[in-house]
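J.: Okay, so here is query.cif, and as you'll see once you scroll down, it has mmCIF, C-alpha atoms.
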data_target
loop_
_atom_site.label_atom_id
_atom_site.label_comp_id
_atom_site.auth_asym_id
_atom_site.auth_seq_id
_atom_site.Cartn_x
_atom_site.Cartn_y
_atom_site.Cartn_z
CA MET A 1 84.09 106.74 84.81
CA SER A 2 87.25 106.26 82.77
CA HIS A 3 85.83 103.03 81.34
CA SER A 4 83.46 105.23 79.37
CA PHE A 5 86.51 106.20 77.33
CA ASP A 6 88.38 102.90 77.14
CA ASN A 7 88.61 100.84 73.96
CA SER A 8 85.02 99.56 74.40
CA GLY A 9 83.28 102.52 76.02
CA ALA A 10 84.73 104.97 73.52
CA LEU A 11 82.58 103.40 70.82
CA PHE A 12 79.35 104.66 72.41
CA ASP A 13 77.99 108.19 72.43
CA SER A 14 76.60 110.10 75.42
CA LYS A 15 73.20 108.42 75.02
CA GLY A 16 74.68 104.92 75.03
CA ARG A 17 74.27 104.40 71.29
CA LEU A 18 76.93 102.55 69.32
CA LYS A 19 78.03 105.58 67.36
CA ASN A 20 81.35 107.20 66.51
CA TRP A 21 81.23 110.64 68.11
CA TRP A 22 84.96 111.40 67.86
CA THR A 23 86.54 113.91 65.52
CA PRO A 24 88.71 112.06 63.00
CA ALA A 25 91.91 113.53 64.51
CA ASP A 26 90.91 112.65 68.09
CA PHE A 27 89.93 109.11 67.14
CA ASP A 28 93.21 108.61 65.25
CA HIS A 29 95.11 109.79 68.33
CA PHE A 30 93.06 107.46 70.54
CA LYS A 31 93.72 104.46 68.28
CA THR A 32 97.44 105.24 68.06
CA SER A 33 97.74 105.73 71.82
CA SER A 34 95.76 102.55 72.49
CA ALA A 35 98.08 100.55 70.24
CA GLN A 36 101.09 102.11 71.99
CA LEU A 37 99.70 101.16 75.42
CA ALA A 38 98.91 97.61 74.27
CA ALA A 39 102.47 97.25 72.96
CA GLN A 40 103.84 98.54 76.25
CA TYR A 41 101.98 95.80 78.14
CA ASP A 42 102.96 93.18 75.54
CA GLY A 43 106.54 93.89 76.59
CA TYR A 44 105.97 92.80 80.20
CA ARG A 45 107.13 89.21 80.59
CA PRO A 46 106.39 87.69 84.00
CA PHE A 47 107.81 84.35 82.88
CA PRO A 48 110.40 83.52 80.21
CA ASP A 49 107.72 81.71 78.23
CA LEU A 50 104.74 84.01 78.90
CA ALA A 51 104.16 87.72 78.28
CA LEU A 52 101.13 89.83 79.02
CA ASN A 53 98.62 90.36 76.23
CA GLY A 54 98.22 94.12 75.90
CA LYS A 55 95.11 93.87 73.74
CA GLN A 56 93.44 91.56 76.26
CA THR A 57 94.04 94.00 79.13
CA LEU A 58 93.72 97.22 77.12
CA GLY A 59 90.41 98.44 78.59
CA GLU A 60 91.73 98.19 82.13
CA ASN A 61 95.08 99.68 81.19
CA ILE A 62 93.41 102.70 79.56
CA ALA A 63 91.20 103.11 82.64
CA ASP A 64 94.22 102.86 84.94
CA LEU A 65 96.09 105.51 82.98
CA ALA A 66 93.07 107.83 82.86
CA GLY A 67 92.33 107.30 86.55
CA LEU A 68 95.92 107.86 87.65
CA THR A 69 96.17 111.01 85.55
CA ALA A 70 92.88 112.40 86.90
CA THR A 71 93.67 111.60 90.53
CA TYR A 72 97.12 113.16 90.25
CA GLU A 73 95.57 116.35 88.91
CA ALA A 74 92.87 116.26 91.61
CA TYR A 75 95.51 115.73 94.29
CA HIS A 76 97.35 118.85 93.18
CA ARG A 77 94.14 120.87 93.03
CA SER A 78 93.32 119.74 96.56
CA LEU A 79 96.54 121.34 97.76
CA GLY A 80 95.19 124.73 96.70
CA GLY A 81 98.63 125.98 95.74
CA ARG A 82 100.21 124.87 99.02
CA SER A 83 103.11 122.46 99.23
CA ALA A 84 102.36 118.98 100.48
CA PRO A 85 104.06 118.02 103.74
CA VAL A 86 107.15 115.85 103.59
CA VAL A 87 106.45 112.63 105.50
CA SER A 88 109.21 110.18 106.40
CA GLY A 89 111.45 111.97 103.93
CA PHE A 90 109.03 111.61 101.02
CA SER A 91 107.62 114.57 99.10
CA GLY A 92 103.92 114.80 98.43
CA ASP A 93 104.33 113.55 94.87
CA GLN A 94 106.48 110.66 96.04
CA GLN A 95 103.82 109.74 98.60
CA PHE A 96 101.15 109.89 95.89
CA PHE A 97 103.00 107.53 93.56
CA ILE A 98 104.09 105.19 96.37
CA SER A 99 100.50 104.86 97.55
CA TYR A 100 99.39 104.10 93.99
CA ALA A 101 101.97 101.33 93.68
CA GLN A 102 101.08 99.95 97.11
CA SER A 103 97.44 99.68 96.07
CA TRP A 104 98.47 97.02 93.55
CA ARG A 105 100.43 94.81 95.97
CA GLU A 106 99.48 91.18 95.64
CA LYS A 107 100.91 87.73 95.94
CA ALA A 108 99.97 84.80 93.71
CA ARG A 109 101.30 81.35 93.13
CA GLU A 110 102.69 80.69 89.67
CA PRO A 111 99.73 78.62 88.39
CA ALA A 112 97.25 81.32 89.44
CA LEU A 113 99.38 84.08 87.90
CA ARG A 114 99.72 82.14 84.65
CA ASN A 115 95.96 81.60 84.56
CA GLN A 116 95.32 85.29 85.16
CA ILE A 117 97.66 86.28 82.34
CA LEU A 118 95.97 83.87 79.95
CA THR A 119 92.34 84.54 80.82
CA ASP A 120 91.80 87.80 82.70
CA GLY A 121 91.16 91.25 81.25
CA HIS A 122 93.16 92.72 84.15
CA ALA A 123 96.94 92.75 84.14
CA PRO A 124 98.56 91.49 87.35
CA GLY A 125 98.90 94.25 89.95
CA ARG A 126 102.66 94.62 89.72
CA TYR A 127 102.25 95.58 86.06
CA ARG A 128 99.29 97.86 86.68
CA ALA A 129 101.53 99.77 89.10
CA LEU A 130 103.87 100.44 86.16
CA THR A 131 101.26 102.82 84.73
CA VAL A 132 103.29 105.53 86.49
CA ARG A 133 105.92 105.18 83.76
CA ASN A 134 103.63 107.20 81.48
CA LEU A 135 103.41 110.28 83.72
CA ASP A 136 106.16 112.88 83.50
CA ALA A 137 105.50 113.84 87.12
CA TRP A 138 106.65 110.39 88.29
CA TYR A 139 110.04 110.94 86.66
CA ALA A 140 110.39 114.31 88.36
CA ALA A 141 109.28 112.94 91.74
CA PHE A 142 111.89 110.20 91.83
CA GLY A 143 114.58 111.55 89.51
CA VAL A 144 114.25 108.59 87.13
CA LYS A 145 116.85 108.95 84.38
CA PRO A 146 117.72 107.31 81.06
CA GLY A 147 119.43 103.98 81.55
CA GLN A 148 117.41 103.08 84.64
CA ALA A 149 115.19 100.00 84.35
CA LEU A 150 111.82 101.79 84.53
CA PHE A 151 112.72 104.75 82.33
CA LEU A 152 110.63 105.37 79.21
CA LYS A 153 111.73 107.97 76.71
CA PRO A 154 109.23 110.85 76.61
CA GLU A 155 108.07 109.85 73.12
CA ASP A 156 107.34 106.31 74.40
CA ARG A 157 105.12 107.53 77.25
CA VAL A 158 101.48 107.01 76.42
CA ARG A 159 99.37 110.15 76.48
CA MET A 160 95.79 109.12 75.85
CA TRP A 161 94.17 112.48 76.56
#
I'd like the structure from this file rewritten - as structure tokens, please.

T.:
Amino acid sequence: MSHSFDNSGALFDSKGRLKNWWTPADFDHFKTSSAQLAAQYDGYRPFPDLALNGKQTLGENIADLAGLTATYEAYHRSLGGRSAPVVSGFSGDQQFFISYAQSWREKAREPALRNQILTDGHAPGRYRALTVRNLDAWYAAFGVKPGQALFLKPEDRVRMW
């Protein structure tokens, strides 16, 4: 569903017509946030001589961010105001984000990974897992602080919606 609002789907109205249905302010925010997300992915460099192409993977990255945001909200609604159980020392939010990261586990040989980076509209899984860096709740769940490798300043976190 979130692909309906990615950089391609957002260009079509509710009837599937190629038509701008956005308010000017909302569309400006969408374009700015999309550029910010593309730049974030451009900064991921799996190899010294090869970085991801944030524009190439933008549709999937927008969908990942929208999906993660929606599922996090749904998870909390499912709790109905109750606290999630602590399992193996992990809070409910920690379990949520760990399971998200685990869903992107993969292993690829260097030639296959290079080919994916050059040709695929999907970022490699280890970088898709980094979508969590855009959710404030992830910082709270793990106590991520300035100076740590995965920290993004609040103003650098992409907020599409």

J.: Can you spell out as a PDB file with C-alpha atoms, keeping the file's coordinate frame the set of residues that the PyMOL selection byres ((chain A and resi 33-36) around 10) selects in the structure I just provided?

T.:
ATOM      1  CA  ASP A   6      88.380 102.900  77.140  1.00  0.00           C
ATOM      2  CA  ASN A   7      88.610 100.840  73.960  1.00  0.00           C
ATOM      3  CA  PHE A  27      89.930 109.110  67.140  1.00  0.00           C
ATOM      4  CA  ASP A  28      93.210 108.610  65.250  1.00  0.00           C
ATOM      5  CA  HIS A  29      95.110 109.790  68.330  1.00  0.00           C
ATOM      6  CA  PHE A  30      93.060 107.460  70.540  1.00  0.00           C
ATOM      7  CA  LYS A  31      93.720 104.460  68.280  1.00  0.00           C
ATOM      8  CA  THR A  32      97.440 105.240  68.060  1.00  0.00           C
ATOM      9  CA  LEU A  37      99.700 101.160  75.420  1.00  0.00           C
ATOM     10  CA  ALA A  38      98.910  97.610  74.270  1.00  0.00           C
ATOM     11  CA  ALA A  39     102.470  97.250  72.960  1.00  0.00           C
ATOM     12  CA  GLN A  40     103.840  98.540  76.250  1.00  0.00           C
ATOM     13  CA  TYR A  41     101.980  95.800  78.140  1.00  0.00           C
ATOM     14  CA  ASP A  42     102.960  93.180  75.540  1.00  0.00           C
ATOM     15  CA  GLY A  54      98.220  94.120  75.900  1.00  0.00           C
ATOM     16  CA  LYS A  55      95.110  93.870  73.740  1.00  0.00           C
ATOM     17  CA  LEU A  58      93.720  97.220  77.120  1.00  0.00           C
ATOM     18  CA  GLY A  59      90.410  98.440  78.590  1.00  0.00           C
ATOM     19  CA  ASN A  61      95.080  99.680  81.190  1.00  0.00           C
ATOM     20  CA  ILE A  62      93.410 102.700  79.560  1.00  0.00           C
ATOM     21  CA  ASP A 156     107.340 106.310  74.400  1.00  0.00           C
ATOM     22  CA  ARG A 157     105.120 107.530  77.250  1.00  0.00           C
ATOM     23  CA  VAL A 158     101.480 107.010  76.420  1.00  0.00           C
ATOM     24  CA  ARG A 159      99.370 110.150  76.480  1.00  0.00           C
ATOM     25  CA  MET A 160      95.790 109.120  75.850  1.00  0.00           C
ATOM     26  CA  TRP A 161      94.170 112.480  76.560  1.00  0.00           C
TER      27      TRP A 161
END

J.: Could you tell me which residues the PyMOL selection byres ((chain A and resi 100) around 10) grabs in this file, written as a PDB file with C-alpha atoms, keeping the file's coordinate frame?

T.:
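Result written to result_27.pdb:
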ATOM      1  CA  LEU A  68      95.920 107.860  87.650  1.00  0.00           C
ATOM      2  CA  GLN A  94     106.480 110.660  96.040  1.00  0.00           C
ATOM      3  CA  GLN A  95     103.820 109.740  98.600  1.00  0.00           C
ATOM      4  CA  PHE A  96     101.150 109.890  95.890  1.00  0.00           C
ATOM      5  CA  PHE A  97     103.000 107.530  93.560  1.00  0.00           C
ATOM      6  CA  ILE A  98     104.090 105.190  96.370  1.00  0.00           C
ATOM      7  CA  SER A  99     100.500 104.860  97.550  1.00  0.00           C
ATOM      8  CA  ALA A 101     101.970 101.330  93.680  1.00  0.00           C
ATOM      9  CA  GLN A 102     101.080  99.950  97.110  1.00  0.00           C
ATOM     10  CA  SER A 103      97.440  99.680  96.070  1.00  0.00           C
ATOM     11  CA  TRP A 104      98.470  97.020  93.550  1.00  0.00           C
ATOM     12  CA  ARG A 105     100.430  94.810  95.970  1.00  0.00           C
ATOM     13  CA  ARG A 128      99.290  97.860  86.680  1.00  0.00           C
ATOM     14  CA  ALA A 129     101.530  99.770  89.100  1.00  0.00           C
ATOM     15  CA  LEU A 130     103.870 100.440  86.160  1.00  0.00           C
ATOM     16  CA  THR A 131     101.260 102.820  84.730  1.00  0.00           C
ATOM     17  CA  VAL A 132     103.290 105.530  86.490  1.00  0.00           C
TER      18      VAL A 132
END

J.: Residues at most 12 Å from segment 112-117 of chain A, counting all atoms listed in the file, excluding those fewer than 5 positions away in the same chain, as a PDB file with C-alpha atoms, in the frame of the given file?

T.:
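Okay, selection_7.pdb is ready:
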ATOM      1  CA  TYR A  41     101.980  95.800  78.140  1.00  0.00           C
ATOM      2  CA  ASP A  42     102.960  93.180  75.540  1.00  0.00           C
ATOM      3  CA  TYR A  44     105.970  92.800  80.200  1.00  0.00           C
ATOM      4  CA  ARG A  45     107.130  89.210  80.590  1.00  0.00           C
ATOM      5  CA  PRO A  46     106.390  87.690  84.000  1.00  0.00           C
ATOM      6  CA  PHE A  47     107.810  84.350  82.880  1.00  0.00           C
ATOM      7  CA  PRO A  48     110.400  83.520  80.210  1.00  0.00           C
ATOM      8  CA  ASP A  49     107.720  81.710  78.230  1.00  0.00           C
ATOM      9  CA  LEU A  50     104.740  84.010  78.900  1.00  0.00           C
ATOM     10  CA  ALA A  51     104.160  87.720  78.280  1.00  0.00           C
ATOM     11  CA  LEU A  52     101.130  89.830  79.020  1.00  0.00           C
ATOM     12  CA  ASN A  53      98.620  90.360  76.230  1.00  0.00           C
ATOM     13  CA  GLY A  54      98.220  94.120  75.900  1.00  0.00           C
ATOM     14  CA  LYS A  55      95.110  93.870  73.740  1.00  0.00           C
ATOM     15  CA  GLN A  56      93.440  91.560  76.260  1.00  0.00           C
ATOM     16  CA  THR A  57      94.040  94.000  79.130  1.00  0.00           C
ATOM     17  CA  GLU A 106      99.480  91.180  95.640  1.00  0.00           C
ATOM     18  CA  LYS A 107     100.910  87.730  95.940  1.00  0.00           C
ATOM     19  CA  HIS A 122      93.160  92.720  84.150  1.00  0.00           C
ATOM     20  CA  ALA A 123      96.940  92.750  84.140  1.00  0.00           C
ATOM     21  CA  PRO A 124      98.560  91.490  87.350  1.00  0.00           C
ATOM     22  CA  GLY A 125      98.900  94.250  89.950  1.00  0.00           C
ATOM     23  CA  ARG A 126     102.660  94.620  89.720  1.00  0.00           C
ATOM     24  CA  TYR A 127     102.250  95.580  86.060  1.00  0.00           C
TER      25      TYR A 127
END

J.: For the atom pair atom CA of Gly43 of chain A and atom CA of Lys145 of chain A, what is the interatomic distance in Å to one decimal place?

T.: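 Spanning atom CA of Gly43 of chain A to atom CA of Lys145 of chain A is a straight-line distance of 19.8 Å.
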
J.: What is the atom CA of Ala70 of chain A to atom CA of Leu152 of chain A distance in Å?

T.: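 Rounded to one decimal, the two atoms are 20.6 Å apart.
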
J.: At what distance in Å, to one decimal, does atom CA of Thr69 of chain A lie from atom CA of Leu135 of chain A?

T.: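 Separation of atom CA of Leu135 of chain A and atom CA of Thr69 of chain A: 7.5 Å.
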
J.: Return the padded bounding box of segment 63-66 of chain A as AutoDock Vina command-line options: axis-aligned, built from all atoms listed in the file, 8 Å added on each side, with centre and edge lengths in Å to one decimal.

T.:
--center_x 93.6 --center_y 105.3 --center_z 83.8 --size_x 20.9 --size_y 21.0 --size_z 18.3
